[in-house]
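Q: Coordinates in final-v8.json, JSON, C-alpha atoms, are listed below.
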[["chain", "number", "residue", "atom", "x", "y", "z"],
["B", 272, "MET", "CA", 106.91, -99.72, 79.69],
["B", 273, "THR", "CA", 110.34, -98.33, 78.87],
["B", 274, "ASP", "CA", 110.54, -94.56, 78.52],
["B", 275, "PHE", "CA", 112.92, -94.25, 75.60],
["B", 276, "SER", "CA", 112.85, -90.45, 75.78],
["B", 277, "SER", "CA", 114.95, -90.65, 78.93],
["B", 278, "THR", "CA", 117.11, -93.57, 77.81],
["B", 279, "ASN", "CA", 120.80, -92.91, 78.43],
["B", 280, "ILE", "CA", 121.78, -92.52, 74.79],
["B", 281, "PRO", "CA", 124.97, -90.49, 74.39],
["B", 282, "SER", "CA", 124.63, -87.36, 72.31],
["B", 283, "PRO", "CA", 127.77, -85.79, 70.78],
["B", 284, "ILE", "CA", 126.32, -82.30, 71.27],
["B", 285, "ASN", "CA", 125.78, -82.52, 75.00],
["B", 286, "SER", "CA", 128.23, -85.12, 76.23],
["B", 287, "GLY", "CA", 131.57, -84.26, 74.68],
["B", 288, "PHE", "CA", 131.70, -87.50, 72.68],
["B", 289, "MET", "CA", 133.38, -87.42, 69.29],
["B", 290, "PRO", "CA", 130.87, -86.96, 66.45],
["B", 291, "ILE", "CA", 129.58, -90.28, 65.15],
["B", 292, "THR", "CA", 130.18, -91.24, 61.53],
["B", 293, "PRO", "CA", 127.40, -93.70, 60.66],
["B", 294, "THR", "CA", 128.50, -96.97, 59.06],
["B", 295, "ALA", "CA", 126.70, -100.14, 58.02],
["B", 296, "ASN", "CA", 127.80, -101.84, 61.23],
["B", 297, "TRP", "CA", 126.66, -98.87, 63.30],
["B", 298, "ILE", "CA", 123.14, -98.78, 61.87],
["B", 299, "LYS", "CA", 122.76, -102.57, 62.16],
["B", 300, "ASP", "CA", 123.63, -102.39, 65.84],
["B", 301, "ARG", "CA", 120.24, -100.89, 66.80],
["B", 302, "PRO", "CA", 116.88, -101.51, 65.07],
["B", 303, "TRP", "CA", 115.83, -97.85, 65.24],
["B", 304, "ARG", "CA", 118.98, -96.83, 63.36],
["B", 305, "LEU", "CA", 118.23, -99.36, 60.63],
["B", 306, "PHE", "CA", 114.76, -97.92, 60.08],
["B", 307, "ALA", "CA", 115.89, -94.29, 60.36],
["B", 308, "PHE", "CA", 118.59, -94.87, 57.75],
["B", 309, "GLY", "CA", 116.14, -96.54, 55.37],
["B", 310, "PHE", "CA", 117.71, -99.99, 55.68],
["B", 311, "GLY", "CA", 121.05, -98.59, 54.58],
["B", 312, "THR", "CA", 119.93, -96.22, 51.82],
["B", 313, "GLY", "CA", 120.77, -93.27, 54.06],
["B", 314, "LEU", "CA", 124.43, -94.26, 53.88],
["B", 315, "SER", "CA", 124.58, -93.30, 50.21],
["B", 316, "PRO", "CA", 127.41, -90.76, 49.74],
["B", 317, "ILE", "CA", 125.38, -88.95, 47.08],
["B", 318, "GLY", "CA", 121.82, -87.77, 47.67],
["B", 319, "PRO", "CA", 120.79, -90.10, 50.50],
["B", 320, "GLY", "CA", 117.33, -88.52, 50.61],
["B", 321, "THR", "CA", 116.84, -89.17, 46.91],
["B", 322, "VAL", "CA", 118.13, -92.73, 47.23],
["B", 323, "GLY", "CA", 115.80, -93.32, 50.17],
["B", 324, "THR", "CA", 112.87, -91.96, 48.16],
["B", 325, "LEU", "CA", 113.78, -94.23, 45.25],
["B", 326, "TRP", "CA", 113.84, -97.20, 47.64],
["B", 327, "ALA", "CA", 110.39, -96.18, 48.90],
["B", 328, "TRP", "CA", 109.09, -96.15, 45.33],
["B", 329, "ILE", "CA", 110.49, -99.59, 44.51],
["B", 330, "ALA", "CA", 109.29, -101.06, 47.82],
["B", 331, "CYS", "CA", 105.78, -99.71, 47.28],
["B", 332, "LEU", "CA", 105.57, -101.12, 43.75],
["B", 333, "ALA", "CA", 106.82, -104.50, 44.98],
["B", 334, "TYR", "CA", 104.26, -104.44, 47.79],
["B", 335, "HIS", "CA", 101.46, -103.83, 45.30],
["B", 336, "VAL", "CA", 102.59, -106.84, 43.27],
["B", 337, "PHE", "CA", 102.04, -109.13, 46.25],
["B", 338, "TYR", "CA", 99.07, -107.25, 47.74],
["B", 339, "PRO", "CA", 97.28, -105.65, 44.77],
["B", 340, "SER", "CA", 93.94, -105.42, 46.58],
["B", 341, "LEU", "CA", 95.15, -103.62, 49.69],
["B", 342, "GLU", "CA", 92.18, -101.89, 51.32],
["B", 343, "THR", "CA", 92.18, -98.16, 52.02],
["B", 344, "PHE", "CA", 91.83, -98.73, 55.76],
["B", 345, "GLU", "CA", 94.84, -101.07, 55.78],
["B", 346, "SER", "CA", 96.90, -98.50, 53.87],
["B", 347, "ILE", "CA", 95.95, -95.77, 56.34],
["B", 348, "VAL", "CA", 96.91, -98.00, 59.27],
["B", 349, "LEU", "CA", 100.30, -98.66, 57.65],
["B", 350, "LEU", "CA", 100.89, -94.95, 57.02],
["B", 351, "VAL", "CA", 99.90, -93.92, 60.54],
["B", 352, "GLY", "CA", 102.03, -96.73, 61.95],
["B", 353, "GLY", "CA", 104.91, -95.56, 59.76],
["B", 354, "LEU", "CA", 104.52, -92.02, 61.09],
["B", 355, "ILE", "CA", 104.58, -93.16, 64.72],
["B", 356, "LEU", "CA", 107.55, -95.40, 63.97],
["B", 357, "GLY", "CA", 109.29, -92.49, 62.23],
["B", 358, "ILE", "CA", 108.86, -90.17, 65.20],
["B", 359, "ILE", "CA", 110.46, -92.80, 67.42],
["B", 360, "VAL", "CA", 113.34, -93.96, 65.21],
["B", 361, "CYS", "CA", 114.24, -90.51, 63.87],
["B", 362, "GLY", "CA", 114.11, -89.04, 67.35],
["B", 363, "LEU", "CA", 116.33, -91.71, 68.87],
["B", 364, "THR", "CA", 118.81, -91.77, 65.99],
["B", 365, "GLY", "CA", 119.05, -87.98, 65.86],
["B", 366, "LYS", "CA", 119.70, -87.94, 69.59],
["B", 367, "GLU", "CA", 122.55, -90.43, 69.21],
["B", 368, "LEU", "CA", 124.08, -88.51, 66.33],
["B", 369, "GLY", "CA", 123.69, -85.16, 68.07],
["B", 370, "LYS", "CA", 122.03, -83.79, 64.95],
["B", 371, "THR", "CA", 118.26, -83.83, 64.81],
["B", 372, "ASP", "CA", 117.89, -84.03, 61.03],
["B", 373, "HIS", "CA", 121.06, -85.82, 59.96],
["B", 374, "GLY", "CA", 121.30, -86.24, 56.20],
["B", 375, "GLY", "CA", 121.42, -90.01, 56.51],
["B", 376, "ILE", "CA", 118.06, -90.15, 58.29],
["B", 377, "VAL", "CA", 115.72, -90.89, 55.39],
["B", 378, "TRP", "CA", 112.69, -92.57, 56.97],
["B", 379, "ASP", "CA", 110.94, -89.19, 56.65],
["B", 380, "GLU", "CA", 111.42, -89.20, 52.87],
["B", 381, "ILE", "CA", 110.34, -92.83, 52.66],
["B", 382, "LEU", "CA", 107.08, -92.37, 54.51],
["B", 383, "ALA", "CA", 106.25, -89.08, 52.78],
["B", 384, "PHE", "CA", 106.67, -90.63, 49.33],
["B", 385, "TRP", "CA", 104.55, -93.60, 50.38],
["B", 386, "LEU", "CA", 101.86, -91.08, 51.27],
["B", 387, "ILE", "CA", 102.05, -89.63, 47.75],
["B", 388, "LEU", "CA", 101.91, -93.07, 46.14],
["B", 389, "PHE", "CA", 98.91, -93.98, 48.29],
["B", 390, "PHE", "CA", 96.93, -91.27, 46.49],
["B", 391, "ILE", "CA", 98.22, -91.77, 42.93],
["B", 392, "ILE", "CA", 98.66, -95.54, 42.50],
["B", 393, "PRO", "CA", 97.50, -97.00, 40.17],
["B", 394, "SER", "CA", 98.84, -94.42, 37.75],
["B", 395, "SER", "CA", 101.17, -94.14, 34.77],
["B", 396, "TRP", "CA", 104.95, -94.12, 34.99],
["B", 397, "LEU", "CA", 104.83, -90.49, 33.86],
["B", 398, "VAL", "CA", 102.69, -89.46, 36.83],
["B", 399, "GLN", "CA", 104.79, -91.41, 39.31],
["B", 400, "SER", "CA", 108.04, -90.04, 37.85],
["B", 401, "LEU", "CA", 106.69, -86.49, 38.01],
["B", 402, "ALA", "CA", 105.62, -87.10, 41.61],
["B", 403, "PHE", "CA", 109.15, -88.26, 42.40],
["B", 404, "VAL", "CA", 110.74, -85.15, 40.85],
["B", 405, "LEU", "CA", 108.25, -82.76, 42.47],
["B", 406, "PHE", "CA", 108.67, -84.32, 45.88],
["B", 407, "ARG", "CA", 112.45, -84.13, 45.73],
["B", 408, "PHE", "CA", 112.19, -80.49, 44.62],
["B", 409, "PHE", "CA", 109.90, -79.52, 47.49],
["B", 410, "ASP", "CA", 111.93, -81.50, 50.03],
["B", 411, "ILE", "CA", 115.27, -80.00, 48.95],
["B", 412, "ALA", "CA", 114.23, -76.42, 48.09],
["B", 413, "LYS", "CA", 111.69, -76.18, 50.94],
["B", 414, "PRO", "CA", 109.76, -73.21, 49.56],
["B", 415, "GLY", "CA", 107.43, -71.11, 51.71],
["B", 416, "PRO", "CA", 105.62, -72.94, 54.52],
["B", 417, "ILE", "CA", 107.82, -76.02, 54.22],
["B", 418, "LYS", "CA", 110.90, -73.98, 55.14],
["B", 419, "MET", "CA", 109.03, -72.29, 57.98],
["B", 420, "VAL", "CA", 108.01, -75.62, 59.50],
["B", 421, "ASP", "CA", 111.49, -77.07, 59.03],
["B", 422, "GLN", "CA", 113.18, -74.05, 60.61],
["B", 423, "TYR", "CA", 110.75, -73.96, 63.51],
["B", 424, "PHE", "CA", 111.70, -77.45, 64.64],
["B", 425, "LYS", "CA", 115.40, -76.89, 63.97],
["B", 426, "ASP", "CA", 115.32, -73.82, 66.23],
["B", 427, "TRP", "CA", 113.05, -75.42, 68.84],
["B", 428, "GLN", "CA", 114.45, -75.75, 72.34],
["B", 429, "PRO", "CA", 112.70, -77.72, 75.09],
["B", 430, "SER", "CA", 111.25, -76.00, 78.12],
["B", 431, "PRO", "CA", 111.14, -77.72, 81.52],
["B", 432, "SER", "CA", 107.62, -78.93, 80.74],
["B", 433, "THR", "CA", 108.48, -80.32, 77.29],
["B", 434, "ALA", "CA", 111.95, -81.68, 78.10],
["B", 435, "PRO", "CA", 110.68, -85.23, 78.85],
["B", 436, "TYR", "CA", 109.22, -85.36, 75.34],
["B", 437, "ALA", "CA", 112.06, -83.60, 73.51],
["B", 438, "THR", "CA", 113.19, -86.73, 71.64],
["B", 439, "TRP", "CA", 109.71, -87.31, 70.26],
["B", 440, "ILE", "CA", 109.08, -83.66, 69.41],
["B", 441, "ARG", "CA", 112.34, -83.54, 67.49],
["B", 442, "GLY", "CA", 111.45, -86.83, 65.79],
["B", 443, "PHE", "CA", 108.13, -85.32, 64.73],
["B", 444, "GLY", "CA", 110.01, -82.27, 63.46],
["B", 445, "VAL", "CA", 112.12, -84.52, 61.22],
["B", 446, "MET", "CA", 108.98, -86.08, 59.76],
["B", 447, "VAL", "CA", 106.67, -83.10, 59.38],
["B", 448, "ASP", "CA", 108.48, -81.01, 56.75],
["B", 449, "ASP", "CA", 108.60, -84.01, 54.42],
["B", 450, "LEU", "CA", 104.87, -84.53, 54.94],
["B", 451, "PHE", "CA", 104.37, -80.90, 53.92],
["B", 452, "ALA", "CA", 106.52, -81.57, 50.83],
["B", 453, "ALA", "CA", 104.30, -84.56, 50.05],
["B", 454, "LEU", "CA", 101.15, -82.44, 50.37],
["B", 455, "ALA", "CA", 102.66, -79.78, 48.10],
["B", 456, "THR", "CA", 103.45, -82.48, 45.54],
["B", 457, "LEU", "CA", 99.89, -83.81, 45.65],
["B", 458, "PHE", "CA", 98.55, -80.25, 45.33],
["B", 459, "VAL", "CA", 100.56, -79.59, 42.15],
["B", 460, "LEU", "CA", 99.57, -82.95, 40.67],
["B", 461, "SER", "CA", 95.90, -82.29, 41.40],
["B", 462, "ILE", "CA", 96.10, -78.90, 39.64],
["B", 463, "LEU", "CA", 97.74, -80.46, 36.58],
["B", 464, "ILE", "CA", 95.09, -83.18, 36.47],
["B", 465, "ARG", "CA", 92.25, -80.67, 36.90],
["B", 466, "LEU", "CA", 93.66, -78.53, 34.07],
["B", 467, "GLY", "CA", 93.85, -81.58, 31.83],
["B", 468, "ALA", "CA", 97.63, -81.38, 31.50],
["B", 469, "LEU", "CA", 98.03, -84.74, 33.23],
["B", 470, "SER", "CA", 95.95, -87.87, 33.67],
["B", 471, "LEU", "CA", 96.37, -90.84, 35.97]]
Written as C-alpha cells, how would this file's structure read?

A:
Amino acid sequence: MTDFSSTNIPSPINSGFMPITPTANWIKDRPWRLFAFGFGTGLSPIGPGTVGTLWAWIACLAYHVFYPSLETFESIVLLVGGLILGIIVCGLTGKELGKTDHGGIVWDEILAFWLILFFIIPSSWLVQSLAFVLFRFFDIAKPGPIKMVDQYFKDWQPSPSTAPYATWIRGFGVMVDDLFAALATLFVLSILIRLGALSL
C-alpha cells in the first residue's frame, strides 16, 4: 500500500519552489486536487467557500431526486467516507500548495454542509436557506471554539513521532473547523425549532 504521507510532493514552503497558482488544468491533473477544489468551485475568484457550499446544496438536492429513499445507514457511510476522503485530498493538496488551508480548498465546506442537510432534509426552502446563511457565518466568522480549533491546527507543528502523519493531521485540521461550524448551525436551528420560531 502506498504511503501518500511520504510521497515526494513538492511544497513551496519547504522546497524553494515558486508558489503555485491553482488553475483548472492544475486541479484536473491530480484526482485529489479535483476533490479538494470541489470539482472546480474552489477556483471561484469571489467567495470560493460560499460557491463550494452552494454546489454542495445543489448536489445534495439532485441526489435526493434520484435516491429519495436513501437509508440513514447509507447516508452515514457516505458522510464518514467523505470525511476520510477529505482528510486525504485536503492534506495532499495543502501540502502541494504549501498552505494547509488554502482558500480554494472547499471540500471541507462541502462535506460540512452535507452533514447539515443530512439532519434537516426534508425541510422547507426557508430552513435550508437559513442553514446556508448560518453555516457561512460560522465558517467565516469562526466565533469561540471554532476559532480555537482552527487556530490550533494552523499553529500545529509535527514532532518526530507525528511527522509521518503530518499530512493527514493537517488534512483533518482543514476539515474539523467546518464540522464545528456545521454543529453550531444545527444547534442554532434546533433552538429556533424548539422555541417555535421555525419549523421543518

Q: May I have the residues within 10 Å of range 461-467 of chain B as an MDAnalysis selection string, using only C-alpha atoms and disregarding those fewer than 4 positions away in the same chain?

A: chainID B and resid 391 398 455:457 471

Q: With only C-alpha atoms as the atoms that count, which of B:Arg301, B:Ser432, B:Ala412, B:Pro293 lies nearest to Pro316 in chain B?

A: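 Once distances to Pro316 in chain B are computed over only C-alpha atoms, the minimum belongs to B:Pro293.
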
Q: For CA of Phe408 in chain B and CA of Ala437 in chain B, determine how far apart the two atoms are, in Å to one decimal place.

A: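 Going from CA of Phe408 in chain B over to CA of Ala437 in chain B covers 29.1 Å.
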
Q: Can you tell me how far CA of Gly323 in chain B sits from CA of Trp378 in chain B, in Å to one decimal?

A: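 CA of Gly323 in chain B sits 7.5 Å away from CA of Trp378 in chain B.
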
Q: Enter the distance from CA of Ala383 in chain B to CA of Leu460 in chain B, in Å, rounded to one decimal.

A: 15.1 Å

Q: Can you work out which one of B:Val322, B:Ile359, B:Ala434, B:Val348 has the shortest atom-to-atom distance to Phe306 in chain B, counting all atoms listed in the file?

A: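 Ranked by minimum distance to Phe306 in chain B, first place goes to B:Ile359.
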
Q: Quick one: residues within 6 Å of range 438-448 of chain B, all atoms listed in the file counted, chain neighbours fewer than 4 positions away excluded, as a list in words?

A: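 These residues fall inside the cut-off: Ser276, Ile358, Cys361, Gly362, Asp372, Asp379, Ile417, Asp421 and Phe424 of chain B.
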
Q: Would you compute, for all listed atoms of range 382-385 of chain B, the axis-aligned bounding box grown by 5 Å on each side, and then report its centre and edge lengths in Å rounded to one decimal, as lines of an AutoDock Vina configuration file?

A:
center_x = 105.8
center_y = -91.3
center_z = 51.9
size_x = 12.5
size_y = 14.5
size_z = 15.2

Q: Neighbouring residues of range 333-346 of chain B were defined as those with any atom within 10 Å, considering all atoms listed in the file; residues of the same chain fewer than 6 positions away were excluded. Please report them as number ranges by chain.

A: B: 327, 352, 385-386, 389, 392-393

Q: Take the residues that were just selected and, keeping C-alpha atoms, output them as an mmCIF file, keeping the file's coordinate frame.

A:
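Output (again-v1.cif):
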data_model
loop_
_atom_site.group_PDB
_atom_site.id
_atom_site.type_symbol
_atom_site.label_atom_id
_atom_site.label_comp_id
_atom_site.auth_asym_id
_atom_site.auth_seq_id
_atom_site.Cartn_x
_atom_site.Cartn_y
_atom_site.Cartn_z
ATOM 1 C CA ALA B 327 110.390 -96.180 48.900
ATOM 2 C CA GLY B 352 102.030 -96.730 61.950
ATOM 3 C CA TRP B 385 104.550 -93.600 50.380
ATOM 4 C CA LEU B 386 101.860 -91.080 51.270
ATOM 5 C CA PHE B 389 98.910 -93.980 48.290
ATOM 6 C CA ILE B 392 98.660 -95.540 42.500
ATOM 7 C CA PRO B 393 97.500 -97.000 40.170
#

Q: Could you check the closest approach to Thr364 in chain B for each of B:Gly415, B:Gly318, B:Gly311, B:Pro302 and tell me which residue wins, using all atoms listed in the file?

A: B:Pro302

Q: For Ser394 in chain B, which of B:Pro429, B:Ser470, B:Phe308, B:Leu314 is the closest residue, counting only C-alpha atoms?

A: B:Ser470

Q: Might you pull out every residue within 7 Å of Val377 in chain B, with all atoms listed in the file counted and same-chain residues fewer than 4 positions away left off, and present them as a list in words?

A: Ala307, Phe308, Gly309, Gly313, Gly320, Gly323 and Ile381 of chain B

Q: So which one's closest to Ile411 in chain B, B:Trp396, B:Ile329, B:Pro319, B:Pro435? Using only C-alpha atoms, please.

A: B:Pro319

Q: Tell me which of B:Leu397, B:Ile347, B:Arg407, B:Met419 sits closest to Ala468 in chain B, counting all atoms listed in the file.

A: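 For Ala468 in chain B, the nearest of the given residues is B:Leu397.
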